[in-house]
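The structure appears below as structure tokens.
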Amino acid sequence: MSDLNKIELQFKDKIKGFLNQNSYNTWIKPLKIVLIDNEKISFQVPSKIHIDYIRGQYKSVFENTLKEILGNENPVIKFLIDSDTDFNFENKPVTETPLKKAKSSSKTRIAPYKETSLNPKYTFENFVMGNGNETAYVSSLQVAKNIKTTQYNPLLIFGGVGLGKTHLVSAIGNYVFDSDPNINILYLTSDIFVQQIVNHIHHKTIDNYKSYLNTKDLIIIDDIQFFAKKEKSMEELFHIFNYIYYNGGQIVLTSDFHPNEIHELDERLKSRFKMGLITDVRPPDLETRAAIIRLKAEEINFNMEDDIVMFIANNINTNVRDLEGAVKKLYFHYSHLNKEIGINKAKEILKELITSKKSTLNIDKIQDIVSDFFSIPKDLLMKKTRTKEVADARAVAMYLCTTQLKATTTSIGVHFGGREHSTVSHAANKIQKKLNSKDPETTKMIEEILNVINLSTC
Ligand code: ADP
Ligand code: MG
């Protein structure tokens, strides 16, 4: 291990003690120390937002930790953005800075709240920040707090459905609305936006529409993946974006996918999007799921026991909308029965919901999980290797495939390197027998793997 690596390890180890696991994973884990030169220490970071966030939140922790490790009184900390990961700022031309004209100072709010089209129930306060959404949350808050000066323009949040994109971008709008009465805000879904553009083109009033948009300081457009294929309006859209951008307006967007993955989206629009900040939301981890469930129950004054919270968190890991659905379903039963729901009742009520969420479990996934569990390369499950460890893992994987999936033993055999169906049955029976005889080691192992399967299926 090189000296730099050793110092990096030491640094991360020390700094871990100051942060919670989520923050550590998001902000510190991806860092690399790439150079130490006299008093200067250079970190490679994945994106500009890492630099801003670390400078804002962890400056003194960084300085003190480095002082301790390197013995330097005043270490100079440099950050270099890793161009491979910083898709956020790629193509950003140095000369292209928006005019940031102080539009709002000359006018008072012309649109009442209703005209913003925002949903008031989405705020930063009722959004649980956790693993998977931390960067998106922090960038959104930064945009909301620095609406006229932010560099994150446009801010684009992408990620799967039900993971909080609409919530976060609406929270920006609500925050700004509450904090500055001079700022005019507009929230639109992209289909409405496109529809309006089409109508204005048709009525030859597109310039009026642009002028109208120019009265807005913050424009939020939700679900831009629907721009794709709208060729006629894309051209206009591009000009409108430029218009807003160069007039100092902030644009905030959401999408189900990274712009690069939206085929048939105008290339110029893609690069326009990339000039700001692109950040994603990913499914929350167990801890975050539990916190979200607690919050959602609290919001409706539903007192939920901890074992039920953990049962839902362990069994639903698709997205937040599904977590909310489970809370609401239990609450519905609770308010109808008018009595407390225990864990067994909760399991019964949620049975269907949970089964339907498991539908994507497949042979490949089981092989992944089992090889991880046994710490052996996955491909050995398919090969002829007969060492005890591999053979055991293979038998467990075959047992799980036969009991957890509707697949036939013939098709399972095919996925294990073309083995006979009788081999699959034999292996599965062997495990089943051990379980029947309550062999403690096998019982515990299968239980643990099933837990992992529950957590990772969606
Ligand atoms: P998306 O736009 O990504 O499809 P939404 O923003 O509509 O997802 O979120 C779906 C539901 O989940 C909303 O009711 C939202 O309030 C809730 N939600 C999502 N993420 C969180 C979170 N981290 N904390 C609290 N609620 C959340
Ligand atoms: Mg949405």
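Each chain in the structure tokens gets a letter, A, B, ..., in the order shown, and its residues are numbered from 1; ligands are numbered from 1 in order too.
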
* Spatial neighbours of stretch 190-193 of chain A, 7 Å, only C-alpha atoms, chain gap at least 2 places, as a PyMOL selection string -> chain A and resi 188+195-197+221-224+226-227

* Asked: Could you name the residues that touch stretch 390-400 of chain A at 8 Å or less, counting only C-alpha atoms, but leaving out those on the same chain fewer than 3 positions away, as a list in words?
  ->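 Here the answer would be Ile366, Gln367, Val370, Ser371, Phe374, Ile376, Leu380, Leu381, Thr385, Arg386, Thr387, Thr403, Gln404, Leu405, Ile412, Val424, Ala427, Ala428, Asn429, Lys430, Ile431, Gln432 and Ile446 of chain A.
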
Could you save the residues just selected, with N, CA and C atoms, as a PDB file, in the first residue's frame?
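What ended up in part_14.pdb:
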```pdb
ATOM      1  N   ILE A 366     -30.907 -14.488  -6.952  1.00  0.00           N
ATOM      2  CA  ILE A 366     -30.625 -15.449  -5.873  1.00  0.00           C
ATOM      3  C   ILE A 366     -29.155 -15.869  -5.937  1.00  0.00           C
ATOM      4  N   GLN A 367     -28.660 -16.096  -7.144  1.00  0.00           N
ATOM      5  CA  GLN A 367     -27.240 -16.479  -7.273  1.00  0.00           C
ATOM      6  C   GLN A 367     -26.319 -15.366  -6.770  1.00  0.00           C
ATOM      7  N   VAL A 370     -26.549 -15.383  -2.887  1.00  0.00           N
ATOM      8  CA  VAL A 370     -25.900 -16.543  -2.265  1.00  0.00           C
ATOM      9  C   VAL A 370     -24.377 -16.464  -2.421  1.00  0.00           C
ATOM     10  N   SER A 371     -23.909 -16.064  -3.603  1.00  0.00           N
ATOM     11  CA  SER A 371     -22.452 -16.009  -3.762  1.00  0.00           C
ATOM     12  C   SER A 371     -21.864 -14.915  -2.863  1.00  0.00           C
ATOM     13  N   PHE A 374     -21.735 -16.385   0.686  1.00  0.00           N
ATOM     14  CA  PHE A 374     -20.646 -17.346   0.886  1.00  0.00           C
ATOM     15  C   PHE A 374     -19.284 -16.762   0.506  1.00  0.00           C
ATOM     16  N   ILE A 376     -18.032 -16.196  -2.440  1.00  0.00           N
ATOM     17  CA  ILE A 376     -17.358 -16.922  -3.534  1.00  0.00           C
ATOM     18  C   ILE A 376     -17.774 -16.266  -4.853  1.00  0.00           C
ATOM     19  N   LEU A 380     -18.650 -19.582 -10.105  1.00  0.00           N
ATOM     20  CA  LEU A 380     -18.356 -20.942  -9.625  1.00  0.00           C
ATOM     21  C   LEU A 380     -19.636 -21.757  -9.424  1.00  0.00           C
ATOM     22  N   LEU A 381     -20.750 -21.053  -9.199  1.00  0.00           N
ATOM     23  CA  LEU A 381     -22.023 -21.763  -9.028  1.00  0.00           C
ATOM     24  C   LEU A 381     -22.405 -22.480 -10.325  1.00  0.00           C
ATOM     25  N   THR A 385     -16.915 -26.935 -10.327  1.00  0.00           N
ATOM     26  CA  THR A 385     -16.187 -26.957  -9.037  1.00  0.00           C
ATOM     27  C   THR A 385     -16.958 -27.740  -7.972  1.00  0.00           C
ATOM     28  N   ARG A 386     -16.241 -28.627  -7.289  1.00  0.00           N
ATOM     29  CA  ARG A 386     -16.930 -29.458  -6.294  1.00  0.00           C
ATOM     30  C   ARG A 386     -16.390 -29.263  -4.887  1.00  0.00           C
ATOM     31  N   THR A 387     -15.588 -28.213  -4.669  1.00  0.00           N
ATOM     32  CA  THR A 387     -15.124 -28.010  -3.287  1.00  0.00           C
ATOM     33  C   THR A 387     -16.348 -27.882  -2.398  1.00  0.00           C
ATOM     34  N   THR A 403     -37.763 -22.927  -3.899  1.00  0.00           N
ATOM     35  CA  THR A 403     -38.803 -22.554  -2.929  1.00  0.00           C
ATOM     36  C   THR A 403     -39.298 -21.126  -3.099  1.00  0.00           C
ATOM     37  N   GLN A 404     -38.469 -20.250  -3.635  1.00  0.00           N
ATOM     38  CA  GLN A 404     -38.856 -18.836  -3.706  1.00  0.00           C
ATOM     39  C   GLN A 404     -39.407 -18.427  -5.080  1.00  0.00           C
ATOM     40  N   LEU A 405     -39.149 -19.281  -6.077  1.00  0.00           N
ATOM     41  CA  LEU A 405     -39.573 -18.897  -7.428  1.00  0.00           C
ATOM     42  C   LEU A 405     -40.537 -19.943  -7.989  1.00  0.00           C
ATOM     43  N   ILE A 412     -34.193 -24.199 -13.703  1.00  0.00           N
ATOM     44  CA  ILE A 412     -33.163 -23.833 -12.709  1.00  0.00           C
ATOM     45  C   ILE A 412     -31.842 -24.500 -13.100  1.00  0.00           C
ATOM     46  N   VAL A 424     -30.876 -30.690  -9.406  1.00  0.00           N
ATOM     47  CA  VAL A 424     -31.482 -29.564  -8.688  1.00  0.00           C
ATOM     48  C   VAL A 424     -32.378 -30.087  -7.568  1.00  0.00           C
ATOM     49  N   ALA A 427     -30.333 -31.534  -4.668  1.00  0.00           N
ATOM     50  CA  ALA A 427     -29.703 -30.499  -3.830  1.00  0.00           C
ATOM     51  C   ALA A 427     -30.750 -29.814  -2.952  1.00  0.00           C
ATOM     52  N   ALA A 428     -31.889 -29.485  -3.559  1.00  0.00           N
ATOM     53  CA  ALA A 428     -32.935 -28.778  -2.800  1.00  0.00           C
ATOM     54  C   ALA A 428     -33.460 -29.673  -1.675  1.00  0.00           C
ATOM     55  N   ASN A 429     -33.632 -30.963  -1.986  1.00  0.00           N
ATOM     56  CA  ASN A 429     -34.131 -31.883  -0.952  1.00  0.00           C
ATOM     57  C   ASN A 429     -33.164 -32.004   0.222  1.00  0.00           C
ATOM     58  N   LYS A 430     -31.884 -32.015  -0.117  1.00  0.00           N
ATOM     59  CA  LYS A 430     -30.850 -32.152   0.925  1.00  0.00           C
ATOM     60  C   LYS A 430     -31.000 -31.005   1.950  1.00  0.00           C
ATOM     61  N   ILE A 431     -31.162 -29.793   1.429  1.00  0.00           N
ATOM     62  CA  ILE A 431     -31.304 -28.621   2.331  1.00  0.00           C
ATOM     63  C   ILE A 431     -32.621 -28.726   3.096  1.00  0.00           C
ATOM     64  N   GLN A 432     -33.663 -29.092   2.365  1.00  0.00           N
ATOM     65  CA  GLN A 432     -34.989 -29.182   3.007  1.00  0.00           C
ATOM     66  C   GLN A 432     -34.949 -30.168   4.175  1.00  0.00           C
ATOM     67  N   ILE A 446     -30.280 -20.097   6.280  1.00  0.00           N
ATOM     68  CA  ILE A 446     -31.392 -19.843   5.352  1.00  0.00           C
ATOM     69  C   ILE A 446     -32.186 -18.610   5.805  1.00  0.00           C
TER      70      ILE A 446
END
```

Selection near stretch 160-172 of chain A, 6 Å with only C-alpha atoms, sequence-local residues under 4 positions removed, as a short mmCIF file (atom, residue, chain, number, x, y, z; two decimals) with all heavy atoms, in the first residue's frame:
```
data_model
loop_
_atom_site.label_atom_id
_atom_site.label_comp_id
_atom_site.auth_asym_id
_atom_site.auth_seq_id
_atom_site.Cartn_x
_atom_site.Cartn_y
_atom_site.Cartn_z
N TYR A 122 -45.42 19.43 0.24
CA TYR A 122 -44.03 19.00 0.09
C TYR A 122 -43.05 20.06 0.58
O TYR A 122 -42.88 21.09 -0.08
CB TYR A 122 -43.73 18.67 -1.38
CG TYR A 122 -44.52 17.50 -1.92
CD1 TYR A 122 -45.03 17.53 -3.22
CD2 TYR A 122 -44.73 16.36 -1.15
CE1 TYR A 122 -45.73 16.45 -3.73
CE2 TYR A 122 -45.43 15.28 -1.66
CZ TYR A 122 -45.93 15.33 -2.94
OH TYR A 122 -46.61 14.26 -3.44
N THR A 123 -42.41 19.78 1.69
CA THR A 123 -41.44 20.75 2.22
C THR A 123 -40.14 20.03 2.58
O THR A 123 -40.09 18.80 2.61
CB THR A 123 -41.99 21.42 3.50
OG1 THR A 123 -42.14 20.39 4.50
CG2 THR A 123 -43.33 22.09 3.27
N PHE A 124 -39.11 20.82 2.89
CA PHE A 124 -37.86 20.20 3.34
C PHE A 124 -38.03 19.58 4.72
O PHE A 124 -37.42 18.58 5.06
CB PHE A 124 -36.73 21.24 3.39
CG PHE A 124 -36.23 21.62 2.03
CD1 PHE A 124 -36.36 22.92 1.56
CD2 PHE A 124 -35.62 20.68 1.22
CE1 PHE A 124 -35.90 23.27 0.31
CE2 PHE A 124 -35.15 21.02 -0.05
CZ PHE A 124 -35.30 22.32 -0.51
N ALA A 144 -32.53 26.51 -3.07
CA ALA A 144 -33.61 27.25 -2.41
C ALA A 144 -33.06 28.43 -1.61
O ALA A 144 -33.63 29.51 -1.61
CB ALA A 144 -34.38 26.31 -1.50
N ASP A 256 -37.06 10.86 -14.86
CA ASP A 256 -36.91 9.48 -14.41
C ASP A 256 -35.52 8.93 -14.72
O ASP A 256 -35.08 7.96 -14.14
CB ASP A 256 -37.95 8.57 -15.11
CG ASP A 256 -39.28 8.62 -14.38
OD1 ASP A 256 -39.37 9.35 -13.38
OD2 ASP A 256 -40.22 7.94 -14.81
N ASN A 319 -39.78 1.72 -3.22
CA ASN A 319 -39.69 3.17 -3.20
C ASN A 319 -40.53 3.74 -2.07
O ASN A 319 -41.22 2.99 -1.37
CB ASN A 319 -40.10 3.77 -4.56
CG ASN A 319 -41.55 3.44 -4.88
OD1 ASN A 319 -42.44 3.63 -4.05
ND2 ASN A 319 -41.80 2.95 -6.07
N VAL A 320 -40.47 5.04 -1.93
CA VAL A 320 -41.12 5.66 -0.77
C VAL A 320 -42.64 5.65 -0.92
O VAL A 320 -43.37 5.53 0.05
CB VAL A 320 -40.59 7.10 -0.59
CG1 VAL A 320 -41.25 7.77 0.60
CG2 VAL A 320 -39.09 7.08 -0.43
N ARG A 321 -43.08 5.74 -2.15
CA ARG A 321 -44.53 5.72 -2.37
C ARG A 321 -45.12 4.41 -1.84
O ARG A 321 -46.18 4.39 -1.23
CB ARG A 321 -44.83 5.91 -3.86
CG ARG A 321 -46.26 6.33 -4.11
CD ARG A 321 -46.46 6.78 -5.52
NE ARG A 321 -45.85 8.08 -5.79
CZ ARG A 321 -45.32 8.43 -6.95
NH1 ARG A 321 -45.30 7.57 -7.95
NH2 ARG A 321 -44.81 9.63 -7.12
#
```

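For stretch 94-279 of chain A, backbone-based DSSP labels the following residues as strand (DSSP E): A:Leu155, A:Leu156, A:Ile157, A:Phe158, A:Gly159, A:Ile185, A:Leu186, A:Tyr187, A:Leu188, A:Thr189, A:Leu218, A:Ile219, A:Ile220, A:Ile221, A:Asp222, A:Gln250, A:Ile251, A:Val252, A:Leu253, A:Thr254, A:Ser255, A:Leu277, A:Ile278, A:Thr279.
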
* Asked: Which residues in stretch 108-301 of chain A does DSSP call helix (DSSP H, G or I)? List them as a PyMOL selection string.
  -> chain A and resi 113-116+134-145+165-179+190-202+206-213+224-227+231-246+259-261+267-274+286-299

* To do: Give me, please, the distance in Å between atom CA of A:Lys406 and atom CA of A:Glu389, quoted to one decimal.
  =>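 Pair atom CA of A:Lys406 / atom CA of A:Glu389 returns 26.4 Å.
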
* **Separation of atom CA of A:Glu264 from atom CA of A:Ala228 in Å** =>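 Distance reported for this atom pair: 5.4 Å.
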
* To do: Would you please work out which residue, of A:Leu330, A:Met129, A:Val176, A:Met382, is nearest to A:Pro283 when using only C-alpha atoms?
  => A:Met129

* **Given only C-alpha atoms and all ligand atoms as the counted atoms, nearest of A:Ile240, A:Leu253, A:Val309, A:Ile206 to ligand 2** => A:Leu253

* Within 10 Å of A:Leu353 using only C-alpha atoms, minus same-chain residues under 6 positions, as a list in words ->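 Contacts, with the query itself left out: Asn315, Ile316, Asp322, Gly325, Ala326, Lys329 and Lys347 of chain A.
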